[in-house]
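Engineer: My structure is below; once you've seen it, I'll send some questions.
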Amino acid sequence: MEINATYNSLVAVGDSFTEGMSDLKPDGSYRGWADVLAGRLAARSPGFRYANLAVRGKLIGQIVDEQVGLAAGMKADVVTLVGGLNDALRPKVDMVRVRDLLTEAVERLTPSCGQLVLMRSPGRNGPVMERFRPRMEELFTHVDALAARHGALVVDLYGAPSLGDPRLWDVDRLHLTADGHQRVAEAVWQTLGLAPEEDWRAPLPPAVRPGWANRRIADARFAKEHLGPWIGRRLTGRSSGDGRAPKRPELLPYESPAGP
């Protein structure tokens, strides 16, 4: 990949990870790594255009049906595709179907863009990670194979121990903090052949382990505010993204947001 290459457009495809949860802005919307990356690319390329089609909760079949065709039609210099992990984290999943749908997405996007970027997603260290690790690694092995077959780039976030640090994850234990998203943006930036600006793999300073009481309080809050509602949606077939439109559905010139 050419160092300091120029890119004039970016389309981001996926679920909550790419929508930007939980990098919350003052107005209540989410920023996230794709927005950060777009801002940095726009600073290098006047007239830079950006679309973000990602919607929280989307399964890979929904991403293929609702986003891939739109993204392909935009003919962007760069398309990022991250999907399938919501499927893998469900109690029951047909991983063969997940792999087939991901293959379809890659085959449709590759000829329509300058460069397709795939990812091996990060995972928060803990019991949930250990339970679903085999499925995640099956998915990521397929991502690597697709990239090799179709000339896509792969951002290996899963292989960075620092991104498993619980301090880079929000209280819902499913989404990265603002610092986590900044690291992902830097990882994609470097994968695109642009000069490094920071070490996104750098470990955080040693942590002071919270006391037993504080850990139990955090666990209780997580169960009440996040785990319970998540299980409820799974049992009723609902999704946090039902009825929600993408935050940037059109490939339009990027404008720097006002405020922090």
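Just remember, in the structure tokens the first chain shown is A, the second B, etc., residues are 1-based per chain, and ligands are 1-based in the order shown.
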Report as a list in words all protein, DNA and RNA residues lying within 9 Å of stretch 82-98 of chain A, evaluated on only C-alpha atoms, omitting residues in the same chain fewer than 3 positions from it.
Structural biologist: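 Final neighbour list, sorted by chain and number: Ala12, Val13, Gly14, Asp15, Phe17, Thr18, Gly57, Lys58, Leu59, Ile60, Gly61, Ile63, Leu101, Leu102, Thr103, Val117, Leu118, Met119, Arg120, Ser121, Val128, Phe132, Arg135, Met136, Glu138, Leu139 and Arg234 of chain A.
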Engineer: Suppose we keep N, CA and C atoms; can you now write the selection as a PDB file, in the first residue's frame?
Structural biologist:
```pdb
ATOM      1  N   ALA A  12     -18.905   3.665   4.805  1.00  0.00           N
ATOM      2  CA  ALA A  12     -18.794   2.720   5.905  1.00  0.00           C
ATOM      3  C   ALA A  12     -20.069   1.883   5.986  1.00  0.00           C
ATOM      4  N   VAL A  13     -19.902   0.560   6.060  1.00  0.00           N
ATOM      5  CA  VAL A  13     -21.015  -0.385   6.058  1.00  0.00           C
ATOM      6  C   VAL A  13     -20.908  -1.270   7.302  1.00  0.00           C
ATOM      7  N   GLY A  14     -22.046  -1.485   7.998  1.00  0.00           N
ATOM      8  CA  GLY A  14     -21.965  -2.368   9.146  1.00  0.00           C
ATOM      9  C   GLY A  14     -23.051  -2.169  10.180  1.00  0.00           C
ATOM     10  N   ASP A  15     -22.673  -2.386  11.443  1.00  0.00           N
ATOM     11  CA  ASP A  15     -23.620  -2.343  12.561  1.00  0.00           C
ATOM     12  C   ASP A  15     -23.199  -1.280  13.571  1.00  0.00           C
ATOM     13  N   PHE A  17     -20.891  -1.061  15.755  1.00  0.00           N
ATOM     14  CA  PHE A  17     -19.459  -0.798  15.827  1.00  0.00           C
ATOM     15  C   PHE A  17     -19.064   0.315  14.860  1.00  0.00           C
ATOM     16  N   THR A  18     -19.633   0.289  13.659  1.00  0.00           N
ATOM     17  CA  THR A  18     -19.309   1.293  12.646  1.00  0.00           C
ATOM     18  C   THR A  18     -20.192   2.524  12.762  1.00  0.00           C
ATOM     19  N   GLY A  57     -27.320  -3.040  15.696  1.00  0.00           N
ATOM     20  CA  GLY A  57     -28.136  -4.248  15.784  1.00  0.00           C
ATOM     21  C   GLY A  57     -28.281  -5.042  14.510  1.00  0.00           C
ATOM     22  N   LYS A  58     -27.732  -4.575  13.400  1.00  0.00           N
ATOM     23  CA  LYS A  58     -27.963  -5.255  12.129  1.00  0.00           C
ATOM     24  C   LYS A  58     -27.189  -6.569  12.033  1.00  0.00           C
ATOM     25  N   LEU A  59     -27.875  -7.593  11.559  1.00  0.00           N
ATOM     26  CA  LEU A  59     -27.261  -8.871  11.261  1.00  0.00           C
ATOM     27  C   LEU A  59     -26.667  -8.833   9.851  1.00  0.00           C
ATOM     28  N   ILE A  60     -25.820  -9.795   9.520  1.00  0.00           N
ATOM     29  CA  ILE A  60     -25.148  -9.751   8.228  1.00  0.00           C
ATOM     30  C   ILE A  60     -26.145  -9.823   7.071  1.00  0.00           C
ATOM     31  N   GLY A  61     -27.251 -10.563   7.234  1.00  0.00           N
ATOM     32  CA  GLY A  61     -28.253 -10.609   6.173  1.00  0.00           C
ATOM     33  C   GLY A  61     -28.885  -9.256   5.933  1.00  0.00           C
ATOM     34  N   ILE A  63     -27.437  -6.358   6.622  1.00  0.00           N
ATOM     35  CA  ILE A  63     -26.400  -5.515   6.034  1.00  0.00           C
ATOM     36  C   ILE A  63     -26.330  -5.744   4.530  1.00  0.00           C
ATOM     37  N   LEU A 101     -23.074 -15.160   3.397  1.00  0.00           N
ATOM     38  CA  LEU A 101     -23.547 -13.784   3.228  1.00  0.00           C
ATOM     39  C   LEU A 101     -22.387 -12.793   3.222  1.00  0.00           C
ATOM     40  N   LEU A 102     -21.394 -13.036   4.059  1.00  0.00           N
ATOM     41  CA  LEU A 102     -20.222 -12.167   4.051  1.00  0.00           C
ATOM     42  C   LEU A 102     -19.493 -12.272   2.718  1.00  0.00           C
ATOM     43  N   THR A 103     -19.426 -13.475   2.188  1.00  0.00           N
ATOM     44  CA  THR A 103     -18.821 -13.672   0.869  1.00  0.00           C
ATOM     45  C   THR A 103     -19.587 -12.886  -0.190  1.00  0.00           C
ATOM     46  N   VAL A 117     -12.032  -2.566   2.688  1.00  0.00           N
ATOM     47  CA  VAL A 117     -11.350  -2.788   3.965  1.00  0.00           C
ATOM     48  C   VAL A 117     -12.248  -3.646   4.856  1.00  0.00           C
ATOM     49  N   LEU A 118     -11.719  -4.775   5.304  1.00  0.00           N
ATOM     50  CA  LEU A 118     -12.414  -5.664   6.231  1.00  0.00           C
ATOM     51  C   LEU A 118     -11.727  -5.601   7.590  1.00  0.00           C
ATOM     52  N   MET A 119     -12.363  -6.166   8.601  1.00  0.00           N
ATOM     53  CA  MET A 119     -11.777  -6.124   9.942  1.00  0.00           C
ATOM     54  C   MET A 119     -11.952  -7.427  10.686  1.00  0.00           C
ATOM     55  N   ARG A 120     -10.964  -7.712  11.529  1.00  0.00           N
ATOM     56  CA  ARG A 120     -11.080  -8.692  12.594  1.00  0.00           C
ATOM     57  C   ARG A 120     -11.406  -7.877  13.836  1.00  0.00           C
ATOM     58  N   SER A 121     -12.652  -7.899  14.255  1.00  0.00           N
ATOM     59  CA  SER A 121     -13.156  -6.984  15.286  1.00  0.00           C
ATOM     60  C   SER A 121     -12.516  -7.250  16.644  1.00  0.00           C
ATOM     61  N   VAL A 128     -17.731 -13.482  28.423  1.00  0.00           N
ATOM     62  CA  VAL A 128     -18.485 -13.480  27.168  1.00  0.00           C
ATOM     63  C   VAL A 128     -17.549 -13.737  25.995  1.00  0.00           C
ATOM     64  N   PHE A 132     -17.707 -17.027  23.262  1.00  0.00           N
ATOM     65  CA  PHE A 132     -17.956 -16.895  21.824  1.00  0.00           C
ATOM     66  C   PHE A 132     -16.674 -16.856  20.991  1.00  0.00           C
ATOM     67  N   ARG A 135     -16.504 -18.997  17.670  1.00  0.00           N
ATOM     68  CA  ARG A 135     -17.277 -18.445  16.545  1.00  0.00           C
ATOM     69  C   ARG A 135     -16.582 -17.221  15.952  1.00  0.00           C
ATOM     70  N   MET A 136     -16.069 -16.346  16.826  1.00  0.00           N
ATOM     71  CA  MET A 136     -15.388 -15.150  16.342  1.00  0.00           C
ATOM     72  C   MET A 136     -14.193 -15.533  15.480  1.00  0.00           C
ATOM     73  N   GLU A 138     -13.712 -18.314  13.884  1.00  0.00           N
ATOM     74  CA  GLU A 138     -14.193 -18.888  12.624  1.00  0.00           C
ATOM     75  C   GLU A 138     -14.549 -17.778  11.639  1.00  0.00           C
ATOM     76  N   LEU A 139     -15.225 -16.745  12.135  1.00  0.00           N
ATOM     77  CA  LEU A 139     -15.592 -15.608  11.288  1.00  0.00           C
ATOM     78  C   LEU A 139     -14.350 -14.896  10.766  1.00  0.00           C
ATOM     79  N   ARG A 234     -33.526 -10.200  22.211  1.00  0.00           N
ATOM     80  CA  ARG A 234     -33.252 -11.492  21.569  1.00  0.00           C
ATOM     81  C   ARG A 234     -34.469 -12.408  21.652  1.00  0.00           C
TER      82      ARG A 234
END
```
Engineer: Of the candidates A:Leu109, A:Ala195, A:Leu116, A:Leu204, which one gets nearest to A:Arg167 if we count only C-alpha atoms?
Structural biologist: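 So, comparing all the options, the nearest one is A:Leu204.
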Engineer: Env of A:Met21: 10 Å cut, atoms = only C-alpha atoms, seq-sep filter 5 positions within chain, self excluded. Answer as a list in words.
Structural biologist: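 The filter keeps Asp15, Ser16, Ser29, Tyr30, Arg31, Gly32, Trp33, Val55, Arg56, Asp170, Leu174, His175, Leu176, Thr177, Ala178 and His181 of chain A.
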Engineer: Could you pull the residues within 8 Å of A:Pro249, counting only C-alpha atoms, minus those fewer than 5 positions along the same chain, as a JSON list (two decimals) with N, CA and C atoms, in the first residue's frame?
Structural biologist:
```json
[["chain", "number", "residue", "atom", "x", "y", "z"],
["A", 51, "ALA", "N", -20.05, 8.68, 3.46],
["A", 51, "ALA", "CA", -21.37, 8.14, 3.81],
["A", 51, "ALA", "C", -21.16, 7.06, 4.87],
["A", 52, "ASN", "N", -22.08, 7.00, 5.83],
["A", 52, "ASN", "CA", -22.03, 5.95, 6.84],
["A", 52, "ASN", "C", -23.41, 5.29, 6.88],
["A", 53, "LEU", "N", -23.50, 4.08, 6.35],
["A", 53, "LEU", "CA", -24.76, 3.37, 6.23],
["A", 53, "LEU", "C", -25.03, 2.44, 7.41]]
```
Engineer: Please return, as a PyMOL selection string, all residues of stretch 62-183 of chain A that DSSP assigns to alpha helix (DSSP H) on the basis of the backbone.
Structural biologist: chain A and resi 62-63+69-74+85-88+95-109+127-150+178-183
Engineer: Extract, using only C-alpha atoms, all DNA, RNA and protein residues at most 12 Å from A:Val106, discarding same-chain residues fewer than 5 positions from it, and format them as a VMD selection string.
Structural biologist: chain A and resid 13 60 63 to 64 68 to 69 71 to 72 79 to 83 99 to 101 111 to 113 115 to 118 142 to 153
Engineer: So that I can check the surroundings of A:Glu255, please list as a list in words every protein, DNA and RNA residue that reaches within 10 Å of it, counting only C-alpha atoms and ignoring chain neighbours fewer than 2 positions away.
Structural biologist: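 The filter keeps Ala38, Gly39, Ala42, Ala43, Gly47, Phe48, Arg49, Tyr50, Leu252, Pro253, Pro257 and Ala258 of chain A.
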Engineer: Have a look at A:Pro26, A:Glu107, A:Val78, A:Ala5 and name the one nearest to A:Arg44; count only C-alpha atoms.
Structural biologist: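 The closest residue to A:Arg44 is A:Ala5.
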Engineer: Grab the atom CA of A:Gly180 to atom CA of A:Leu168 distance for me, in Å with one decimal place.
Structural biologist: 5.1 Å
